[in-house]
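Reproduced below: input_36.txt, with compact mmCIF, C-alpha atoms.
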# COMPACT_ATOMS: atom_id res chain seq x y z
CA MET W 39 0.00 0.00 0.00
CA ASP W 40 0.97 3.64 -0.41
CA LEU W 41 1.39 4.99 3.12
CA LEU W 42 1.65 8.54 4.45
CA VAL W 43 2.98 8.86 8.01
CA VAL W 44 2.13 12.25 9.48
CA GLY W 45 4.62 12.91 12.24
CA GLY W 46 7.06 10.50 10.64
CA SER W 47 10.10 12.13 12.23
CA GLY W 48 8.93 11.24 15.74
CA PHE W 49 9.81 8.18 17.81
CA LEU W 50 6.70 6.20 16.84
CA GLY W 51 6.59 7.55 13.30
CA LEU W 52 10.11 6.35 12.53
CA GLU W 53 9.28 2.83 13.72
CA ILE W 54 6.12 2.75 11.60
CA ILE W 55 8.23 3.79 8.61
CA ARG W 56 10.86 1.10 9.28
CA GLN W 57 8.26 -1.66 9.50
CA ALA W 58 6.31 -0.40 6.47
CA ARG W 59 9.45 -0.30 4.33
CA ARG W 60 10.41 -3.83 5.41
CA ALA W 61 6.92 -4.97 4.36
CA GLY W 62 7.45 -3.47 0.91
CA HIS W 63 5.08 -0.52 1.21
CA SER W 64 5.72 2.79 -0.51
CA VAL W 65 6.17 5.39 2.22
CA ALA W 66 5.87 9.16 2.33
CA ALA W 67 6.29 10.89 5.67
CA THR W 68 6.16 14.37 7.12
CA PHE W 69 8.56 16.27 9.33
CA HIS W 70 8.25 19.69 10.93
CA SER W 71 11.75 20.99 11.55
CA ARG W 72 14.39 18.37 10.67
CA VAL W 73 14.59 15.73 7.93
CA PRO W 74 15.54 12.36 9.50
CA ALA W 75 18.42 10.46 7.94
CA VAL W 76 16.18 7.64 6.74
CA ALA W 77 16.49 6.48 3.15
CA ASP W 78 13.78 5.29 0.75
CA VAL W 79 11.20 7.66 2.23
CA ASP W 80 9.55 10.56 0.44
CA TRP W 81 10.01 13.22 3.12
CA ARG W 82 7.66 16.21 3.08
CA ASN W 83 7.80 19.29 5.30
CA LEU W 84 4.41 19.94 6.91
CA ASP W 85 2.86 21.99 9.69
CA ILE W 86 -0.49 20.32 10.34
CA ARG W 87 -1.83 23.48 11.96
CA HIS W 88 -2.39 24.78 8.42
CA CYS W 89 -5.37 23.01 6.88
CA ASP W 90 -4.70 24.07 3.27
CA ASP W 91 -1.14 22.76 3.45
CA VAL W 92 -2.32 19.41 4.77
CA LYS W 93 -4.92 19.10 2.04
CA ALA W 94 -2.45 20.06 -0.68
CA LEU W 95 0.10 17.50 0.45
CA VAL W 96 -2.46 14.70 0.68
CA LEU W 97 -3.91 15.59 -2.72
CA ALA W 98 -0.41 15.42 -4.21
CA ALA W 99 0.55 12.16 -2.48
CA ARG W 100 -2.86 10.42 -2.72
CA PRO W 101 -1.97 7.68 -0.22
CA ASP W 102 -4.05 4.59 0.40
CA VAL W 103 -3.47 4.93 4.14
CA ILE W 104 -2.62 7.84 6.43
CA VAL W 105 -1.26 7.23 9.94
CA ASN W 106 -1.36 10.38 12.05
CA ALA W 107 1.24 10.12 14.82
CA ALA W 108 1.81 13.89 15.16
CA TYR W 109 1.16 15.79 18.38
CA ARG W 110 2.50 18.47 20.70
CA GLN W 111 1.47 18.20 24.31
CA SER W 112 1.40 21.95 24.90
CA ASP W 113 -0.19 22.94 21.59
CA TRP W 114 -3.95 22.65 21.04
CA ALA W 115 -3.63 23.74 17.41
CA THR W 116 -1.30 20.85 16.53
CA THR W 117 -2.97 18.11 18.57
CA ALA W 118 -6.67 18.97 18.20
CA GLU W 119 -7.00 21.11 15.08
CA GLY W 120 -4.15 19.32 13.31
CA GLY W 121 -5.87 15.99 13.85
CA MET W 122 -9.02 17.46 12.33
CA HIS W 123 -7.08 18.79 9.33
CA VAL W 124 -5.59 15.35 8.64
CA ALA W 125 -9.04 13.76 8.86
CA LEU W 126 -10.48 16.30 6.42
CA ALA W 127 -7.68 15.64 3.94
CA ALA W 128 -8.10 11.87 4.28
CA ALA W 129 -11.80 12.24 3.53
CA VAL W 130 -11.08 14.28 0.38
CA VAL W 131 -8.97 11.53 -1.20
CA GLY W 132 -10.78 8.57 0.39
CA ALA W 133 -7.70 7.42 2.30
CA ARG W 134 -7.88 4.98 5.18
CA LEU W 135 -6.99 6.87 8.39
CA VAL W 136 -5.34 5.54 11.55
CA HIS W 137 -5.28 8.27 14.18
CA VAL W 138 -3.04 7.79 17.24
CA SER W 139 -4.62 8.98 20.48
CA SER W 140 -3.68 8.68 24.14
CA ASP W 141 -4.72 7.45 27.57
CA ALA W 142 -4.59 11.16 28.53
CA VAL W 143 -8.25 11.39 27.44
CA PHE W 144 -9.18 9.74 30.77
CA SER W 145 -9.28 11.07 34.34
CA GLY W 146 -8.10 7.92 36.09
CA THR W 147 -11.21 7.69 38.29
CA THR W 148 -12.18 4.29 36.82
CA ALA W 149 -10.31 1.06 37.62
CA ARG W 150 -9.72 0.13 33.97
CA TYR W 151 -10.73 1.72 30.69
CA ASP W 152 -11.91 -0.23 27.67
CA GLU W 153 -13.01 1.16 24.33
CA THR W 154 -16.55 1.87 25.53
CA HIS W 155 -15.52 4.42 28.17
CA VAL W 156 -16.27 8.06 27.36
CA PRO W 157 -13.31 10.47 27.57
CA ASP W 158 -13.21 12.67 30.66
CA PRO W 159 -9.85 14.48 30.36
CA THR W 160 -8.42 16.63 33.13
CA THR W 161 -5.57 18.34 31.23
CA PRO W 162 -5.36 20.57 28.13
CA TYR W 163 -3.44 17.82 26.32
CA GLY W 164 -6.07 15.22 27.17
CA ALA W 165 -8.79 17.60 26.07
CA ALA W 166 -6.99 18.22 22.77
CA LYS W 167 -6.67 14.49 22.16
CA GLY W 168 -10.35 14.02 23.00
CA ALA W 169 -11.35 16.83 20.64
CA ALA W 170 -9.30 15.27 17.85
CA GLU W 171 -11.02 11.93 18.42
CA THR W 172 -14.43 13.58 18.10
CA ALA W 173 -13.40 15.34 14.88
CA VAL W 174 -11.97 12.15 13.38
CA LYS W 175 -15.11 10.14 14.18
CA GLY W 176 -17.35 12.81 12.66
CA ILE W 177 -15.31 13.38 9.50
CA THR W 178 -14.03 9.87 8.74
CA PRO W 179 -16.30 7.31 10.46
CA THR W 180 -14.32 4.38 9.02
CA ALA W 181 -11.08 5.56 10.65
CA VAL W 182 -9.27 3.69 13.41
CA ILE W 183 -8.60 5.71 16.56
CA ALA W 184 -5.85 3.95 18.48
CA ARG W 185 -5.38 5.02 22.09
CA THR W 186 -2.04 4.08 23.58
CA SER W 187 0.06 4.68 26.69
CA LEU W 188 3.75 5.26 27.50
CA ILE W 189 5.82 4.21 24.48
CA ILE W 190 9.08 2.43 25.30
CA GLY W 191 11.89 1.29 23.01
CA ASP W 192 15.32 -0.28 23.29
CA GLY W 193 16.91 2.69 25.02
CA ASP W 194 15.80 5.49 22.75
CA SER W 195 12.46 6.63 24.19
CA GLN W 196 12.11 9.76 26.31
CA HIS W 197 11.12 7.64 29.32
CA GLU W 198 14.27 5.51 29.09
CA ARG W 199 16.49 8.55 28.64
CA HIS W 200 14.89 10.12 31.72
CA VAL W 201 15.66 7.06 33.84
CA HIS W 202 19.30 7.15 32.70
CA ALA W 203 19.52 10.85 33.51
CA LEU W 204 18.06 10.27 36.99
CA ALA W 205 20.48 7.41 37.65
CA ALA W 206 23.40 9.61 36.60
CA GLY W 207 22.23 12.53 38.74
CA ALA W 208 21.98 14.68 35.61
CA VAL W 209 18.41 15.74 36.40
CA SER W 210 16.33 16.09 39.53
CA GLY W 211 12.95 14.51 40.15
CA ALA W 212 11.44 11.23 41.26
CA LEU W 213 9.83 8.12 39.86
CA PHE W 214 6.36 7.96 41.35
CA THR W 215 5.21 4.71 42.92
CA ASP W 216 1.52 5.65 42.59
CA ASP W 217 1.56 6.87 38.95
CA VAL W 218 0.36 3.87 36.91
CA ARG W 219 0.16 3.29 33.16
CA CYS W 220 0.28 0.38 30.67
CA PRO W 221 3.54 0.88 28.74
CA VAL W 222 3.82 -0.52 25.23
CA HIS W 223 6.90 -1.33 23.17
CA VAL W 224 7.23 0.84 20.09
CA THR W 225 7.69 -2.16 17.79
CA ASP W 226 4.48 -3.76 19.08
CA LEU W 227 2.57 -0.51 18.72
CA ALA W 228 3.80 0.20 15.19
CA SER W 229 3.03 -3.37 14.11
CA ALA W 230 -0.47 -3.16 15.57
CA LEU W 231 -1.16 0.17 13.85
CA LEU W 232 -0.09 -1.18 10.47
CA GLU W 233 -2.17 -4.30 11.04
CA LEU W 234 -5.22 -2.20 11.92
CA ALA W 235 -4.59 -0.05 8.83
CA ALA W 236 -4.93 -3.14 6.63
CA SER W 237 -7.95 -4.47 8.54
CA PRO W 238 -11.70 -3.88 8.04
CA TYR W 239 -12.06 -2.48 11.56
CA SER W 240 -12.94 1.06 12.51
CA GLY W 241 -13.56 3.10 15.63
CA ILE W 242 -11.81 3.16 18.99
CA HIS W 243 -9.08 0.63 19.73
CA HIS W 244 -6.87 0.41 22.82
CA VAL W 245 -3.31 -0.52 21.93
CA ALA W 246 -1.26 -0.71 25.12
CA GLY W 247 0.82 -3.23 27.01
CA LYS W 248 -0.84 -5.84 29.22
CA ASP W 249 1.02 -4.83 32.40
CA ALA W 250 -0.25 -1.95 34.54
CA ILE W 251 2.85 -0.72 36.36
CA SER W 252 4.01 2.39 38.20
CA ARG W 253 6.58 4.77 36.77
CA TYR W 254 8.89 3.61 39.55
CA GLU W 255 8.56 -0.05 38.56
CA LEU W 256 9.05 0.96 34.93
CA GLY W 257 12.23 2.79 35.90
CA MET W 258 13.49 -0.19 37.88
CA LEU W 259 12.88 -2.50 34.92
CA ILE W 260 14.77 -0.15 32.62
CA ALA W 261 17.63 0.15 35.12
CA ARG W 262 17.89 -3.63 35.52
CA ARG W 263 17.88 -4.21 31.77
CA ASP W 264 20.52 -1.55 31.17
CA GLY W 265 22.76 -2.39 34.13
CA LEU W 266 22.10 0.82 36.05
CA ASP W 267 22.34 1.09 39.82
CA GLN W 268 18.71 0.79 40.89
CA ALA W 269 19.50 2.30 44.29
CA THR W 270 20.26 5.64 42.62
CA LEU W 271 16.71 6.06 41.33
CA PRO W 272 14.74 8.52 43.48
CA THR W 273 11.17 7.62 44.39
CA GLY W 274 8.15 9.58 45.51
CA LEU W 275 4.37 9.88 45.51
CA ARG W 276 2.58 11.91 42.90
CA ALA W 277 -0.49 12.26 45.11
CA GLY W 278 -0.26 15.56 46.90
CA THR W 279 1.92 17.21 44.26
CA ASP W 280 0.65 20.01 42.03
CA LEU W 281 1.39 18.09 38.84
CA PRO W 282 -1.63 18.16 36.51
CA GLY W 283 -3.27 15.09 35.04
CA PRO W 284 -4.52 11.68 36.13
CA ILE W 285 -2.49 9.48 38.44
CA ASP W 286 -3.65 5.96 37.59
CA VAL W 287 -4.88 5.19 34.04
CA ARG W 288 -5.07 1.56 32.93
CA LEU W 289 -6.05 0.88 29.32
CA ASP W 290 -7.75 -2.47 28.77
CA SER W 291 -6.63 -3.72 25.35
CA THR W 292 -8.34 -7.11 25.56
CA ASN W 293 -10.86 -6.44 22.77
CA THR W 294 -8.25 -5.02 20.41
CA GLN W 295 -5.76 -7.81 21.16
CA ALA W 296 -8.39 -10.37 20.11
CA ARG W 297 -8.42 -8.76 16.65
CA LEU W 298 -4.64 -8.67 16.22
CA ASN W 299 -1.91 -11.09 15.26
CA THR W 300 0.55 -8.67 16.85
CA ARG W 301 1.06 -9.57 20.50
CA LEU W 302 0.95 -6.57 22.83
CA ARG W 303 3.56 -7.54 25.39
CA GLY W 304 3.72 -6.20 28.92
CA ALA W 305 6.65 -4.15 30.19
CA ARG W 306 7.80 -6.93 32.52
CA GLU W 307 8.35 -9.06 29.41
CA PHE W 308 9.80 -6.61 26.91
CA LEU W 309 12.10 -5.02 29.50
CA ALA W 310 13.41 -8.33 30.83
CA PRO W 311 17.22 -8.54 30.60
CA THR W 312 18.48 -10.47 27.59
CA PRO W 313 20.07 -13.77 28.70
CA THR W 314 23.82 -13.90 28.13
Could you spell out this file's structure in structure tokens?
Amino acid sequence: MDLLVVGGSGFLGLEIIRQARRAGHSVAATFHSRVPAVADVDWRNLDIRHCDDVKALVLAARPDVIVNAAYRQSDWATTAEGGMHVALAAAVVGARLVHVSSDAVFSGTTARYDETHVPDPTTPYGAAKGAAETAVKGITPTAVIARTSLIIGDGDSQHERHVHALAAGAVSGALFTDDVRCPVHVTDLASALLELAASPYSGIHHVAGKDAISRYELGMLIARRDGLDQATLPTGLRAGTDLPGPIDVRLDSTNTQARLNTRLRGAREFLAPTPT
């Protein structure tokens, strides 16, 4: 298939591109400020805040599938309006759309969240993601909206870099023992998104890891895998701080997993040390 990855220069976008190229797909991808050094990709500069520019690019590329992995946590125009602009452009050319959303659309007041739960965000970022979901559903009803959680890699995600910086004393802060999410490995997530793109399914899908773990446990798993001194990792409680957003959000991906060949591993599995 001809694939357009919006936000292709990001951590998830680059993994989607790598897997799509290995599968033999033709790939175009967008970047905002810097062209990644990735060959065999038709790189296009794009600011998705500008609707006419998004439409023009999609009309020129005419992809079969668009995966929108672009966002900025502090920018409503990129996350909410940009998501709407991509959906409008997809509708114009009849492209299949896979829109990446987030567990930030939930407040954390429910024990677990499946695809039937209505968003109740408590932060501007969560609200922007929720608004984008509403726009996508209204404009392109056949689209897949894939909510995910913390995205982890093999040392190159922001969460892993933060743990290394904490262990080295390069930054201050703490890993909260009460802040719970369902981390997913970037290769699993990218594979699942491409599988959903080629599927007949539509609507909300939860694509997260099977383990609900605290940021502290996540940090300890990363430290153990990478040979860091676990005793150097500072801990704390998020409850009682003035940090915005939900504390405990657990995505239930059971229904989506039943539709996938891709196995959504838990962090305790994908962060296990490699046997020597």
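Closest to Leu266 in chain W among W:Leu213, W:Val156, W:Ala125, W:Leu204 is W:Leu204, based on only C-alpha atoms.
You will find CA of Pro221 in chain W at 14.3 Å from CA of Ile285 in chain W.
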>> With distances taken over all atoms listed in the file, which residue among W:Ala115, W:Ala67, W:Leu309, W:Leu302 lies nearest Gly193 in chain W?
In response: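 Looking at the shortest contact to Gly193 in chain W, the residue is W:Leu309.
Going from CA of Ala142 in chain W over to CA of Asp113 in chain W, you cover 14.4 Å.
Going from CA of Val245 in chain W to CA of Leu227 in chain W covers 6.7 Å.
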> Smallest atom-to-atom distance to Leu231 in chain W: which of W:His63, W:Lys248, W:Arg253, W:His137, using all atoms listed in the file?
Replying inline: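 The answer is W:His137, which sits nearest to Leu231 in chain W.
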>> With all atoms listed in the file as the counted atoms, please give the residues lying no more than 10 Å from Ala108 in chain W, apart from itself and same-chain residues fewer than 6 positions off, as number ranges by chain.
In response: W: 43-48, 50-51, 68-70, 85-86, 116-117, 120-121, 124, 137-139
> From the list W:Ala184, W:Ile260, W:Ala170, W:Ala133, which residue is nearest Arg100 in chain W when using only C-alpha atoms?
Replying inline: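 Selected residue with least distance to Arg100 in chain W: W:Ala133.
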> At most 10 Å from (-8.1, 9.8, -2.9), file frame, all atoms listed in the file: which residues, as JSON, numbers by chain?
Replying inline: {"W": [96, 97, 98, 99, 100, 101, 102, 103, 127, 128, 129, 130, 131, 132, 133, 134]}
>> At a cut-off of 9 Å, using all atoms listed in the file, what residues contact Thr160 in chain W? Leave out same-chain residues fewer than 4 positions from it and give the result as a list of chain:residue names.
In response: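 Final neighbour list, sorted by chain and number: W:Ala142, W:Val143, W:Phe144, W:Ser145, W:Gly164, W:Ala165, W:Pro282, W:Gly283, W:Pro284.
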>> Can you tell me which residues surround Val65 in chain W at a distance of at most 8 Å, considering all atoms listed in the file, apart from same-chain residues fewer than 6 positions away, and format the answer as a ChimeraX atom specification?
In response: /W:40-43,55,58-59,78-80
> Which residue, W:Val287, W:Cys89, W:Ala94, W:Leu126, has the smallest gap to Gly176 in chain W when you use only C-alpha atoms?
Replying inline: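 Closest residue, counting only C-alpha atoms: W:Leu126.
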> Which one of W:Val182, W:Leu188, W:Ala205, W:Leu271 sits closest to Gly304 in chain W if you count all atoms listed in the file?
Replying inline: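 Going through W:Val182, W:Leu188, W:Ala205, W:Leu271 one by one, the smallest distance to Gly304 in chain W is for W:Leu188.
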> Can you list, as a PyMOL selection string, every protein, DNA or RNA residue that comes within 8 Å of Leu298 in chain W when you count all atoms listed in the file, leaving out same-chain residues fewer than 3 positions away?
Replying inline: chain W and resi 230+233-234+294-295+301
